[in-house]
Amino acid sequence: MRTLANGTTEVGVGLISVGWMGQLHSRAYRNLAYAYPDLGVRPRLVHAADTSEDRRREAVDVLGYERASADYRAVLEDPEVDVVSICAPNFLHAEMGVAAAKAGKHFWIEKPVGRGEAETAAVAEAADAAGVTTSIGFNYRHAPAVEHLRGLIASGALGRITNVRGHMFADYSADPRGARSWRFVRELAGSGVLGDLMGHLVDLVHYTLGPVAEVSALTSTVYSERPELPMGTGTHFALIEGGQMAPVENEDYAGMLVRLSDDAVAAGAVGTLEASRVAVGPRASYGIAVYGTSGSAIWEFEQLNFLRVSTPLGAEDPGYTTVMAHPGMGEFGRFQPGAGTSMGYDDLKVIEARKFLSAVLGRDSDASNIHDALSAARVVSAAERSADARSWERIPVEPGTTAAHAAPREA
């Protein structure tokens, strides 16, 4: 990093994997200057890595990186790279996260960080040992309506929180002709929908309500076979007619009963969390409903810019009011001048980039970190054990997270 003549801090950016998410990270860095001109940071896209020659050309010619390599280690060895975005397939995350930490690079990594608790813990250990700053791709927590929900819960506006319902339903594998990509192979993906979608939902609960302390889970594999897709020839959205069938090795659906920690802002609350990749109808239906003794609130990603909030108990006209995101809510005002002009998914990544770089520069930041990822991974791994044993599993509270903890009681 260096300070330019105008006082702006220039940060050298490296990218590992130039797929859709890598492109999105790159746009997020570029858009920081527009959304946060007062941040005083100029990301410089230095070095990208991808095994595909076409994507390497795209990184330079379209995204604007100065150079590109086939081996991700070249990015980590580049002295002009200060921070790294890790956007490779899930099964490479842990290896790359540990390598980035050992190279002394601050890194922003997509979830899941590892194929389960053990791999995620290894990345956390390496990052802590190296003293590097980390951020995780838990983008849904940055929606202004979610930030507003978090504030309502923390302020007590909904009363004592009694229960929560959460769901993350997607249809990307609803068609049985859907290709058996790496996401369906345990060696490559680890768990199925638990790691892919439920991890996001667990983080949303942790961030708004507090840590999950106990879980009882069940899982189901709706389609036991899918047509094979050679590695690197398509995505998990691909449909294959008459292909060679191969077994699906992880779950399509997961459901959990949860109880929150005693030191959560919603201490002792209970709830249900569900995730599916084979739901017919929902496209990306990620939602959370929070119920308290004085009111409730509901957020749904497919209506990103809205929050439904109940009127206070005893009001003349009880029920829900739809609150539209506006410049006074979260970081909405950084992107739009007034309510009714919507924010989008890409904007959430710009917020995430801002929080990451603020943390790297040692400024106040509520960026997610590797311990948030480990906390979510502990819940997912506990859910796997619970589903296998048909038991309740306890989860220790992970220190160093950004979860919503209750304020310490005065002595």
# chains A, B, ... in the order shown; residues from 1 in each chain; ligands from 1

$ residues_around --residues "A:Ala289" --least-positions-apart "6" --cutoff "9 Å" --atoms "only C-alpha atoms" --output "number ranges by chain"
A: 163-166, 296-300

$ residues_around --residues "A:Ala101" --least-positions-apart "6" --cutoff "7 Å" --atoms "only C-alpha atoms" --output "list in words"
Ala126, Ala127, Ala130 and Val132 of chain A

$ write_last_selection --atoms "N, CA, C and O atoms" --output "compact mmCIF listing (two decimals), in the first residue's frame"
# COMPACT_ATOMS: atom_id res chain seq x y z
N ALA A 126 -4.44 -20.12 10.67
CA ALA A 126 -3.39 -19.53 9.85
C ALA A 126 -3.53 -18.01 9.79
O ALA A 126 -2.52 -17.28 9.86
N ALA A 127 -4.76 -17.52 9.66
CA ALA A 127 -4.98 -16.07 9.59
C ALA A 127 -4.61 -15.39 10.91
O ALA A 127 -3.98 -14.32 10.91
N ALA A 130 -0.82 -15.29 11.31
CA ALA A 130 -0.17 -14.33 10.42
C ALA A 130 -0.56 -12.89 10.74
O ALA A 130 0.09 -11.95 10.28
N VAL A 132 -3.25 -11.36 9.67
CA VAL A 132 -3.85 -10.71 8.50
C VAL A 132 -5.33 -10.44 8.74
O VAL A 132 -5.99 -11.11 9.54

$ residues_around --residues "A:Gly178" --least-positions-apart "4" --cutoff "9 Å" --atoms "only C-alpha atoms" --output "list in words"
Tyr172, Ser173, Ala174, Arg226, Pro227, His236, Phe237, Ala238, Leu239 and Ile240 of chain A

$ select_by_dssp --residues "stretch 13-165 of chain A" --states "helix (DSSP H, G or I)" --output "JSON, numbers by chain"
{"A": [20, 21, 22, 23, 24, 25, 26, 27, 28, 29, 30, 31, 32, 33, 34, 35, 37, 38, 39, 53, 54, 55, 56, 57, 58, 59, 60, 61, 62, 63, 72, 73, 74, 75, 76, 77, 90, 91, 92, 93, 94, 95, 96, 97, 98, 99, 100, 101, 102, 117, 118, 119, 120, 121, 122, 123, 124, 125, 126, 127, 128, 129, 130, 139, 140, 141, 142, 144, 145, 146, 147, 148, 149, 150, 151, 152, 153, 154, 155]}

$ write_last_selection --atoms "C-alpha atoms" --output "PDB file, in the first residue's frame"
ATOM      1  CA  TRP A  20     -18.870 -14.701 -11.920  1.00  0.00           C
ATOM      2  CA  MET A  21     -17.954 -14.021  -8.292  1.00  0.00           C
ATOM      3  CA  GLY A  22     -14.460 -12.880  -9.216  1.00  0.00           C
ATOM      4  CA  GLN A  23     -15.954 -10.451 -11.705  1.00  0.00           C
ATOM      5  CA  LEU A  24     -18.323  -9.219  -9.011  1.00  0.00           C
ATOM      6  CA  HIS A  25     -15.481  -8.609  -6.536  1.00  0.00           C
ATOM      7  CA  SER A  26     -13.619  -6.697  -9.233  1.00  0.00           C
ATOM      8  CA  ARG A  27     -16.611  -4.461  -9.973  1.00  0.00           C
ATOM      9  CA  ALA A  28     -17.058  -3.887  -6.235  1.00  0.00           C
ATOM     10  CA  TYR A  29     -13.484  -2.603  -5.913  1.00  0.00           C
ATOM     11  CA  ARG A  30     -13.990  -0.371  -8.953  1.00  0.00           C
ATOM     12  CA  ASN A  31     -17.254   1.065  -7.635  1.00  0.00           C
ATOM     13  CA  LEU A  32     -15.835   2.052  -4.246  1.00  0.00           C
ATOM     14  CA  ALA A  33     -14.754   5.412  -5.629  1.00  0.00           C
ATOM     15  CA  TYR A  34     -18.321   6.202  -6.666  1.00  0.00           C
ATOM     16  CA  ALA A  35     -20.145   4.982  -3.559  1.00  0.00           C
ATOM     17  CA  PRO A  37     -15.496   8.935  -2.375  1.00  0.00           C
ATOM     18  CA  ASP A  38     -14.704   9.974   1.205  1.00  0.00           C
ATOM     19  CA  LEU A  39     -13.082   6.624   2.023  1.00  0.00           C
ATOM     20  CA  GLU A  53      -6.677 -18.708 -20.720  1.00  0.00           C
ATOM     21  CA  ASP A  54      -9.908 -17.017 -21.839  1.00  0.00           C
ATOM     22  CA  ARG A  55     -10.601 -15.834 -18.311  1.00  0.00           C
ATOM     23  CA  ARG A  56      -7.047 -14.590 -17.904  1.00  0.00           C
ATOM     24  CA  ARG A  57      -7.491 -12.471 -21.031  1.00  0.00           C
ATOM     25  CA  GLU A  58     -10.815 -11.233 -19.678  1.00  0.00           C
ATOM     26  CA  ALA A  59      -9.168 -10.242 -16.395  1.00  0.00           C
ATOM     27  CA  VAL A  60      -6.768  -7.947 -18.225  1.00  0.00           C
ATOM     28  CA  ASP A  61      -8.817  -6.764 -21.210  1.00  0.00           C
ATOM     29  CA  VAL A  62     -12.225  -6.370 -19.537  1.00  0.00           C
ATOM     30  CA  LEU A  63     -11.780  -6.171 -15.771  1.00  0.00           C
ATOM     31  CA  TYR A  72      -2.779 -18.594  -8.004  1.00  0.00           C
ATOM     32  CA  ARG A  73       0.524 -18.705  -6.132  1.00  0.00           C
ATOM     33  CA  ALA A  74       1.849 -16.053  -8.507  1.00  0.00           C
ATOM     34  CA  VAL A  75      -0.755 -13.649  -7.107  1.00  0.00           C
ATOM     35  CA  LEU A  76       0.272 -14.423  -3.534  1.00  0.00           C
ATOM     36  CA  GLU A  77       3.955 -13.970  -4.370  1.00  0.00           C
ATOM     37  CA  ASN A  90     -15.485 -24.204  -2.563  1.00  0.00           C
ATOM     38  CA  PHE A  91     -13.103 -27.161  -2.397  1.00  0.00           C
ATOM     39  CA  LEU A  92     -10.111 -24.875  -3.012  1.00  0.00           C
ATOM     40  CA  HIS A  93     -11.014 -22.214  -0.446  1.00  0.00           C
ATOM     41  CA  ALA A  94      -9.213 -23.677   2.556  1.00  0.00           C
ATOM     42  CA  GLU A  95      -5.989 -24.387   0.678  1.00  0.00           C
ATOM     43  CA  MET A  96      -5.967 -20.871  -0.772  1.00  0.00           C
ATOM     44  CA  GLY A  97      -6.969 -19.188   2.488  1.00  0.00           C
ATOM     45  CA  VAL A  98      -4.119 -20.832   4.384  1.00  0.00           C
ATOM     46  CA  ALA A  99      -1.686 -19.967   1.572  1.00  0.00           C
ATOM     47  CA  ALA A 100      -2.822 -16.319   1.524  1.00  0.00           C
ATOM     48  CA  ALA A 101      -2.345 -16.043   5.284  1.00  0.00           C
ATOM     49  CA  LYS A 102       1.141 -17.572   5.127  1.00  0.00           C
ATOM     50  CA  GLU A 117     -15.501 -27.072  10.580  1.00  0.00           C
ATOM     51  CA  ALA A 118     -12.003 -28.597  10.491  1.00  0.00           C
ATOM     52  CA  GLU A 119     -10.911 -26.899   7.263  1.00  0.00           C
ATOM     53  CA  THR A 120     -12.424 -23.576   8.320  1.00  0.00           C
ATOM     54  CA  ALA A 121     -10.614 -23.806  11.661  1.00  0.00           C
ATOM     55  CA  ALA A 122      -7.324 -24.385   9.833  1.00  0.00           C
ATOM     56  CA  VAL A 123      -7.819 -21.168   7.849  1.00  0.00           C
ATOM     57  CA  ALA A 124      -8.726 -19.260  11.019  1.00  0.00           C
ATOM     58  CA  GLU A 125      -5.599 -20.568  12.770  1.00  0.00           C
ATOM     59  CA  ALA A 126      -3.391 -19.528   9.846  1.00  0.00           C
ATOM     60  CA  ALA A 127      -4.979 -16.068   9.593  1.00  0.00           C
ATOM     61  CA  ASP A 128      -4.646 -15.447  13.326  1.00  0.00           C
ATOM     62  CA  ALA A 129      -1.021 -16.619  13.336  1.00  0.00           C
ATOM     63  CA  ALA A 130      -0.169 -14.326  10.423  1.00  0.00           C
ATOM     64  CA  ASN A 139     -23.319 -10.418   1.579  1.00  0.00           C
ATOM     65  CA  TYR A 140     -26.938 -10.652   2.714  1.00  0.00           C
ATOM     66  CA  ARG A 141     -26.169  -9.108   6.107  1.00  0.00           C
ATOM     67  CA  HIS A 142     -25.331  -5.818   4.329  1.00  0.00           C
ATOM     68  CA  PRO A 144     -30.109  -1.899   4.484  1.00  0.00           C
ATOM     69  CA  ALA A 145     -33.358  -3.601   5.511  1.00  0.00           C
ATOM     70  CA  VAL A 146     -31.352  -6.269   7.374  1.00  0.00           C
ATOM     71  CA  GLU A 147     -29.280  -3.598   9.127  1.00  0.00           C
ATOM     72  CA  HIS A 148     -32.554  -1.933  10.140  1.00  0.00           C
ATOM     73  CA  LEU A 149     -33.897  -5.256  11.414  1.00  0.00           C
ATOM     74  CA  ARG A 150     -30.747  -5.737  13.471  1.00  0.00           C
ATOM     75  CA  GLY A 151     -31.269  -2.308  14.990  1.00  0.00           C
ATOM     76  CA  LEU A 152     -34.914  -3.025  15.835  1.00  0.00           C
ATOM     77  CA  ILE A 153     -33.903  -6.217  17.638  1.00  0.00           C
ATOM     78  CA  ALA A 154     -31.033  -4.605  19.545  1.00  0.00           C
ATOM     79  CA  SER A 155     -33.135  -1.602  20.615  1.00  0.00           C
TER      80      SER A 155
END

$ closest_residue --among "A:Pro282, A:Gly328, A:Pro43, A:Pro89" --to "A:His167" --atoms "only C-alpha atoms"
A:Pro282

$ closest_residue --among "A:Asp366, A:Glu110, A:Glu302, A:Glu393" --to "A:Asp196" --atoms "only C-alpha atoms"
A:Glu110

$ select_by_dssp --residues "stretch 30-239 of chain A" --states "strand (DSSP E)" --output "NGL selection string"
:A and (41-49 or 67-69 or 83-86 or 106-109 or 134-136 or 161-170 or 212-220 or 225-227)

$ closest_residue --among "A:Glu228, A:Glu10, A:Asp252, A:Glu241" --to "A:Ser276" --atoms "only C-alpha atoms"
A:Asp252

$ atom_distance --atom1 "atom CA of A:Lys111" --atom2 "atom CA of A:Gly14"
17.9 Å

$ closest_residue --among "A:Trp182, A:Ile395, A:His405, A:Arg42" --to "A:Val11" --atoms "only C-alpha atoms"
A:Arg42

$ closest_residue --among "A:Val41, A:Val193, A:Val215, A:Val265" --to "A:Gly156" --atoms "only C-alpha atoms"
A:Val265
